[in-house]
Amino acid sequence: MKAGSAFGIRRSPLLSPRFIRTAALLSTASLLSACGSLDFSMFARKSAPVEEVVEVIPPPPALPKPALIISRMVAEPPQSRGDVGAYIDFINGTDLTVEYVMFKTTAYDESGRIVPAKRSGDSNTWLRVAGPFAPGQASGSRHWEQLWQNRNLRCFEIEGVELIYMDGMVEFYESDRIALLPGSEDNNSCS
């Protein structure tokens, strides 16, 4: 005889070990399924906002320093025979002392045609000036006479410049390395 039935007490089938295990298993399963549908984001660790990656475009390379800075350039008025000279004032823009400066110029008449050099007949006229010119030094007013012969000469342009430095080094710079100060060609506009 069983212990519980000796006293006339009958055990309830709900307290049987098998029933308790089954009930525990079912309640655990229902709790787990309920937990799966819950939103636990409020318990999650707050992450830092994701920053948008912005591509930084580097600035364009710096323009090279001008070799010469022109403060004045003008063709003189034609003389009685049509001879025309030129004035150029400049500043040495390099970091070295310049011994000689040679300007490569082209002159134009009022119709826009090239005026050849008086002596050589070439389309370009070379204007030479002796220094020395220290870095940053101004040339003062430099004048060349009888460069072109044309009563209708309107203007001249500097196409480039050859610099001969004190150490013997020679450099040719195109017009993009020659800076014109505002007003430097007021009386010499070819455009």
# chains A, B, ... in the order shown; residues from 1 in each chain; ligands from 1
>>> residues_around(residues="A:Asp89", least_positions_apart="2", cutoff="7 Å", atoms="only C-alpha atoms", output="PyMOL selection string")
chain A and resi 70-73+87+139-142
>>> write_last_selection(atoms="all heavy atoms", output="mmCIF file, in the first residue's frame")
data_model
loop_
_atom_site.group_PDB
_atom_site.id
_atom_site.type_symbol
_atom_site.label_atom_id
_atom_site.label_comp_id
_atom_site.auth_asym_id
_atom_site.auth_seq_id
_atom_site.Cartn_x
_atom_site.Cartn_y
_atom_site.Cartn_z
ATOM 1 N N ILE A 70 55.272 92.196 -63.559
ATOM 2 C CA ILE A 70 55.336 93.388 -64.404
ATOM 3 C C ILE A 70 54.492 94.482 -63.756
ATOM 4 O O ILE A 70 53.299 94.298 -63.528
ATOM 5 C CB ILE A 70 54.815 93.099 -65.840
ATOM 6 C CG1 ILE A 70 55.560 91.916 -66.456
ATOM 7 C CG2 ILE A 70 54.902 94.353 -66.704
ATOM 8 C CD1 ILE A 70 57.042 92.114 -66.639
ATOM 9 N N SER A 71 55.120 95.628 -63.485
ATOM 10 C CA SER A 71 54.379 96.740 -62.894
ATOM 11 C C SER A 71 54.015 97.794 -63.943
ATOM 12 O O SER A 71 53.117 98.601 -63.722
ATOM 13 C CB SER A 71 55.181 97.378 -61.758
ATOM 14 O OG SER A 71 56.472 97.754 -62.197
ATOM 15 N N ARG A 72 54.711 97.760 -65.093
ATOM 16 C CA ARG A 72 54.373 98.682 -66.191
ATOM 17 C C ARG A 72 54.966 98.137 -67.484
ATOM 18 O O ARG A 72 56.115 97.710 -67.516
ATOM 19 C CB ARG A 72 54.948 100.059 -65.906
ATOM 20 C CG ARG A 72 54.680 101.063 -66.992
ATOM 21 C CD ARG A 72 55.229 102.431 -66.593
ATOM 22 N NE ARG A 72 55.380 103.245 -67.776
ATOM 23 C CZ ARG A 72 56.446 103.987 -68.047
ATOM 24 N NH1 ARG A 72 57.442 104.032 -67.211
ATOM 25 N NH2 ARG A 72 56.503 104.691 -69.153
ATOM 26 N N MET A 73 54.162 98.164 -68.541
ATOM 27 C CA MET A 73 54.659 97.840 -69.886
ATOM 28 C C MET A 73 53.858 98.660 -70.880
ATOM 29 O O MET A 73 52.630 98.632 -70.902
ATOM 30 C CB MET A 73 54.562 96.340 -70.188
ATOM 31 C CG MET A 73 53.183 95.741 -70.144
ATOM 32 S SD MET A 73 53.158 93.970 -70.406
ATOM 33 C CE MET A 73 53.229 93.853 -72.158
ATOM 34 N N TYR A 87 58.744 100.476 -72.910
ATOM 35 C CA TYR A 87 59.113 100.622 -71.505
ATOM 36 C C TYR A 87 58.572 99.412 -70.753
ATOM 37 O O TYR A 87 57.418 99.032 -70.954
ATOM 38 C CB TYR A 87 58.481 101.875 -70.896
ATOM 39 C CG TYR A 87 59.016 103.178 -71.434
ATOM 40 C CD1 TYR A 87 58.395 103.802 -72.504
ATOM 41 C CD2 TYR A 87 60.125 103.780 -70.852
ATOM 42 C CE1 TYR A 87 58.874 105.005 -72.994
ATOM 43 C CE2 TYR A 87 60.614 104.984 -71.330
ATOM 44 C CZ TYR A 87 59.975 105.594 -72.412
ATOM 45 O OH TYR A 87 60.454 106.784 -72.898
ATOM 46 N N SER A 139 63.075 96.738 -61.030
ATOM 47 C CA SER A 139 64.049 97.103 -62.072
ATOM 48 C C SER A 139 64.164 98.600 -62.269
ATOM 49 O O SER A 139 65.157 99.084 -62.789
ATOM 50 C CB SER A 139 63.639 96.467 -63.394
ATOM 51 O OG SER A 139 62.431 97.056 -63.851
ATOM 52 N N GLY A 140 63.132 99.331 -61.900
ATOM 53 C CA GLY A 140 63.068 100.728 -62.317
ATOM 54 C C GLY A 140 62.612 100.746 -63.763
ATOM 55 O O GLY A 140 62.422 99.704 -64.388
ATOM 56 N N SER A 141 62.431 101.907 -64.321
ATOM 57 C CA SER A 141 61.932 102.012 -65.685
ATOM 58 C C SER A 141 63.034 101.633 -66.675
ATOM 59 O O SER A 141 64.090 102.254 -66.716
ATOM 60 C CB SER A 141 61.451 103.430 -65.949
ATOM 61 O OG SER A 141 60.913 103.524 -67.241
ATOM 62 N N ARG A 142 62.780 100.595 -67.451
ATOM 63 C CA ARG A 142 63.724 100.152 -68.487
ATOM 64 C C ARG A 142 63.146 100.539 -69.848
ATOM 65 O O ARG A 142 61.972 100.303 -70.125
ATOM 66 C CB ARG A 142 63.952 98.642 -68.411
ATOM 67 C CG ARG A 142 64.545 98.200 -67.103
ATOM 68 C CD ARG A 142 65.917 98.830 -66.901
ATOM 69 N NE ARG A 142 66.408 98.571 -65.560
ATOM 70 C CZ ARG A 142 67.686 98.462 -65.259
ATOM 71 N NH1 ARG A 142 68.609 98.598 -66.184
ATOM 72 N NH2 ARG A 142 68.040 98.234 -64.015
#
>>> closest_atom_pairs(of="stretch 47-90 of chain A", to="stretch 101-123 of chain A", cutoff="12 Å", atoms="only C-alpha atoms", output="tab-separated table")
residue	atom	partner	partner_atom	distance
A:Ala67	CA	A:Val101	CA	10.7
A:Leu68	CA	A:Val101	CA	9.6
A:Ile70	CA	A:Phe103	CA	11.3
A:Met73	CA	A:Thr105	CA	11.0
A:Val74	CA	A:Ala107	CA	10.9
A:Ala75	CA	A:Ala107	CA	8.9
A:Glu76	CA	A:Ala107	CA	11.9
A:Pro78	CA	A:Asp109	CA	11.5
A:Arg81	CA	A:Lys118	CA	12.0
A:Gly82	CA	A:Lys118	CA	10.5
A:Asp83	CA	A:Lys118	CA	8.3
A:Val84	CA	A:Lys118	CA	9.2
A:Gly85	CA	A:Lys118	CA	10.3
A:Ala86	CA	A:Ala107	CA	10.1
A:Tyr87	CA	A:Phe103	CA	11.6
A:Ile88	CA	A:Phe103	CA	9.6
A:Asp89	CA	A:Phe103	CA	11.7
A:Phe90	CA	A:Val101	CA	10.1
>>> select_by_dssp(residues="stretch 17-191 of chain A", states="helix (DSSP H, G or I)", output="VMD selection string")
chain A and resid 17 to 36 41 to 43 175 to 177
>>> select_by_dssp(residues="stretch 51-111 of chain A", states="strand (DSSP E or B)", output="JSON, numbers by chain")
{"A": [68, 69, 70, 71, 72, 73, 74, 75, 83, 84, 85, 86, 87, 88, 89, 90, 91, 92, 98, 99, 100, 101, 102, 103, 104, 105, 106, 107, 108, 109]}
>>> atom_distance(atom1="atom CA of A:Arg177", atom2="atom CA of A:Leu147")
24.0 Å
>>> closest_residue(among="A:Asn152, A:Gln146, A:Ser189, A:Thr94", to="A:Tyr165", atoms="only C-alpha atoms")
A:Thr94
>>> residues_around(residues="A:Gly93", least_positions_apart="3", cutoff="9 Å", atoms="only C-alpha atoms", output="VMD selection string")
chain A and resid 65 to 69 90 96 135 to 137 178
>>> atom_distance(atom1="atom CA of A:Pro60", atom2="atom CA of A:Glu162")
27.4 Å
>>> atom_distance(atom1="atom CA of A:Phe133", atom2="atom CA of A:Thr97")
5.5 Å
